[in-house]
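Below you'll find the structure, written out as structure tokens, and then a few comments.
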Amino acid sequence: MQRYFVPAALMGERSVALEGEDARHVAAVMRSKPGDCFIACDGNGRDVLAKIVSVDKDKVQADIVEELSSNAEMAWKVTVAQSLPKGDKLEIVIQKGTEAGAFAFQPFLSQRTVVQYDERKEAKRIERWRKIAKEAAEQSHRSIVPQIDAVSSWKALLKRFAEYDLVLFCYEEEGRSGNGLRELLANFKSELSPTSATAPRVMVVIGPEGGFTPQEAEAATASGAKWVGLGKRILRTETAALFALACLAYESGELGGI
């Protein structure tokens with residue numbers, strides 16, 4: 001069943017409305033009519049089954065007929081911090097990372113970032129990234145749309161490490177030495193309180209095409225990050241984030257890891 005994320009102002013206790021592109025999608029693409037149903041999400045975990053009352057190209061009105069339970073989110077809130085890659089690679093990371101369960105994305109600039117960052121174009125690019133995340137969240141039946149923050153400097157990113165319970169700094173030198181995620185995450189899980197109502201916050205830091213410099217690696221660990229490898233093979237920057245998310249989904253218990 002088609003799923004749409006709805007602004008809070010359009011979602012009440014008994015009714016919900018779709019406007020703009022979502023309304024046009026219902027009318028022109030889905031060719032829905034009164035009596036048809038869709039799932040509406042407020043982006044904060046509330047999912048409802050809605051039955052259409054009226055349809056036009058600019059607005060769809062629907063009655064809420066049922067509150068739905070939601071269990072599509074990863075047990076850990078994982079933020080992917082991705083150094084800006086070339087071309088449309090970040091769009092791939094956001095789309096597939098959203099499907100894989102990422103909670104948020106933090107683009108940043110590092111020493112070996114190749115792409116020429118243009119601050120004047122930032123607002124337009126972030127708007128596009130957020131649209132991609134919304135569409136991917138709808139497609140994968142998420143209950144939230146991952147947050148995408150403005151592009152950060154390296155120094156600003158280091159300061160954010162303190163906000164997380166665990167920061168994984170993916171460093172190819174660790175992969176060559178055989179130091180991976182398994183033991184580190186086993187220790188992390190053993191320290192988690194089984195009665196805590198708060199999901200653990202984890203950040204995964206991924207470098208650009210040329211990787212991180214030794215100086216950046218030292219700065220990361222000095223700021224509280226843990227160096228980890230993602231196996232003995234060298235992964236592309238857009239592959240590394242998705243590989244790490246799959247590992248974390250397993251270790252958090254989503255795929256039977258606990």
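Identifiers in the structure tokens: chain A, B, ... in order shown; residue index from 1 per chain; ligand index from 1 in order shown.
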
DSSP alpha helix (DSSP H) selection over region 130-208 of chain A, as a VMD selection string: chain A and resid 130 to 139 154 to 160 172 to 176 182 to 190

Sel. of strand (DSSP E or B) residues, region 48-185 of chain A, as a PyMOL selection string: chain A and resi 48-55+59-68+77-83+104-108+147-148+152+166-170

Kindly assemble as a Markdown table a list of the region 40-72 of chain A residues that lie within 12 Å of region 85-104 of chain A, each paired with its nearest atom pair and their distance in Å to one decimal, using only C-alpha atoms, sorted first by chain and then by ascending residue number.
```
| residue | atom | partner | partner_atom | distance |
| --- | --- | --- | --- | --- |
| A:Gly43 | CA | A:Phe103 | CA | 11.6 |
| A:Asn44 | CA | A:Phe103 | CA | 11.8 |
| A:Asn71 | CA | A:Gly101 | CA | 11.5 |
| A:Ala72 | CA | A:Gly101 | CA | 8.2 |
```

Distance query Leu168 (chain A) at most 9 Å, only C-alpha atoms, self and fewer than 6 positions along chain excluded, as number ranges by chain: A: 181, 202-206, 225-228

Output the selection as a JSON list (two decimals), in the first residue's frame - N, CA and C atoms for each residue.
```
[["chain", "number", "residue", "atom", "x", "y", "z"],
["A", 181, "LEU", "N", 34.80, -4.68, 13.13],
["A", 181, "LEU", "CA", 33.72, -4.23, 14.00],
["A", 181, "LEU", "C", 33.33, -5.24, 15.08],
["A", 202, "VAL", "N", 24.70, 6.07, 17.45],
["A", 202, "VAL", "CA", 25.96, 5.65, 16.85],
["A", 202, "VAL", "C", 26.22, 6.50, 15.61],
["A", 203, "MET", "N", 27.46, 6.94, 15.46],
["A", 203, "MET", "CA", 27.87, 7.63, 14.23],
["A", 203, "MET", "C", 28.91, 6.80, 13.51],
["A", 204, "VAL", "N", 28.74, 6.67, 12.20],
["A", 204, "VAL", "CA", 29.71, 6.00, 11.34],
["A", 204, "VAL", "C", 30.34, 7.06, 10.45],
["A", 205, "VAL", "N", 31.66, 7.19, 10.50],
["A", 205, "VAL", "CA", 32.36, 8.24, 9.76],
["A", 205, "VAL", "C", 33.07, 7.62, 8.56],
["A", 206, "ILE", "N", 32.69, 8.07, 7.37],
["A", 206, "ILE", "CA", 33.21, 7.52, 6.12],
["A", 206, "ILE", "C", 34.01, 8.59, 5.38],
["A", 225, "ALA", "N", 36.53, 8.96, 18.87],
["A", 225, "ALA", "CA", 36.11, 7.93, 17.91],
["A", 225, "ALA", "C", 36.95, 6.67, 18.07],
["A", 226, "LYS", "N", 36.38, 5.55, 17.62],
["A", 226, "LYS", "CA", 37.07, 4.28, 17.61],
["A", 226, "LYS", "C", 37.43, 3.92, 16.16],
["A", 227, "TRP", "N", 38.69, 3.61, 15.92],
["A", 227, "TRP", "CA", 39.09, 3.19, 14.58],
["A", 227, "TRP", "C", 38.54, 1.79, 14.31],
["A", 228, "VAL", "N", 37.97, 1.59, 13.14],
["A", 228, "VAL", "CA", 37.52, 0.25, 12.74],
["A", 228, "VAL", "C", 37.82, 0.04, 11.26]]
```

Residues within 12 Å of region 190-192 of chain A, only C-alpha atoms, excluding chain neighbours under 4 positions, as a ChimeraX atom specification: /A:76,165-166,183-186,196-201,251-252,258

Output as JSON lines one row per residue of region 15-36 of chain A within 7 Å of region 53-65 of chain A: the closest atom pair and its distance in Å to one decimal place, counting only C-alpha atoms, sorted by chain and residue number ascending.
```
{"residue": "A:Ser15", "atom": "CA", "partner": "A:Asp63", "partner_atom": "CA", "distance": 4.3}
{"residue": "A:Val16", "atom": "CA", "partner": "A:Ala62", "partner_atom": "CA", "distance": 5.4}
{"residue": "A:Ala17", "atom": "CA", "partner": "A:Gln61", "partner_atom": "CA", "distance": 4.7}
{"residue": "A:Leu18", "atom": "CA", "partner": "A:Val60", "partner_atom": "CA", "distance": 5.0}
{"residue": "A:Glu19", "atom": "CA", "partner": "A:Lys59", "partner_atom": "CA", "distance": 4.7}
{"residue": "A:Gly20", "atom": "CA", "partner": "A:Asp58", "partner_atom": "CA", "distance": 5.8}
{"residue": "A:Ala23", "atom": "CA", "partner": "A:Lys59", "partner_atom": "CA", "distance": 5.2}
{"residue": "A:Arg24", "atom": "CA", "partner": "A:Lys57", "partner_atom": "CA", "distance": 4.9}
{"residue": "A:Ala27", "atom": "CA", "partner": "A:Lys57", "partner_atom": "CA", "distance": 5.7}
{"residue": "A:Lys33", "atom": "CA", "partner": "A:Val55", "partner_atom": "CA", "distance": 6.4}
{"residue": "A:Pro34", "atom": "CA", "partner": "A:Val53", "partner_atom": "CA", "distance": 4.9}
{"residue": "A:Gly35", "atom": "CA", "partner": "A:Val53", "partner_atom": "CA", "distance": 6.6}
```

Can I get the selected residues back with N, CA and C atoms, as a compact mmCIF listing (two decimals), in the first residue's frame?
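And here is the file that came out, out_36.txt:
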```
# COMPACT_ATOMS: atom_id res chain seq x y z
N SER A 15 -8.54 13.06 10.66
CA SER A 15 -8.43 13.25 9.21
C SER A 15 -7.00 13.62 8.83
N VAL A 16 -6.71 13.47 7.54
CA VAL A 16 -5.39 13.79 7.03
C VAL A 16 -5.55 14.31 5.61
N ALA A 17 -4.65 15.21 5.21
CA ALA A 17 -4.70 15.76 3.86
C ALA A 17 -3.34 15.63 3.20
N LEU A 18 -3.33 15.44 1.90
CA LEU A 18 -2.12 15.44 1.10
C LEU A 18 -2.17 16.63 0.16
N GLU A 19 -1.04 17.31 0.03
CA GLU A 19 -0.98 18.46 -0.88
C GLU A 19 0.25 18.35 -1.77
N GLY A 20 0.34 19.25 -2.76
CA GLY A 20 1.52 19.34 -3.60
C GLY A 20 1.79 18.06 -4.38
N ALA A 23 -0.26 14.91 -3.47
CA ALA A 23 -1.63 14.92 -3.99
C ALA A 23 -1.64 14.60 -5.49
N ARG A 24 -0.70 15.17 -6.22
CA ARG A 24 -0.63 14.90 -7.65
C ARG A 24 -0.29 13.43 -7.92
N ALA A 27 -3.50 11.46 -7.43
CA ALA A 27 -4.49 11.70 -8.48
C ALA A 27 -4.04 11.21 -9.85
N LYS A 33 -9.25 6.98 -6.05
CA LYS A 33 -10.59 7.57 -6.01
C LYS A 33 -11.13 7.46 -4.59
N PRO A 34 -12.21 8.17 -4.26
CA PRO A 34 -12.80 8.06 -2.92
C PRO A 34 -13.07 6.60 -2.57
N GLY A 35 -12.71 6.25 -1.36
CA GLY A 35 -12.85 4.87 -0.90
C GLY A 35 -11.55 4.11 -0.90
```

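The neighbours of Leu158 (chain A) here are the residues that come within 10 Å of it, using only C-alpha atoms and leaving out any residue fewer than 6 positions away in the same chain; they are Ser152, Glu216, Ala219, Ala220, Thr221, Ala222, Ser223, Gly224 and Ala225 of chain A.
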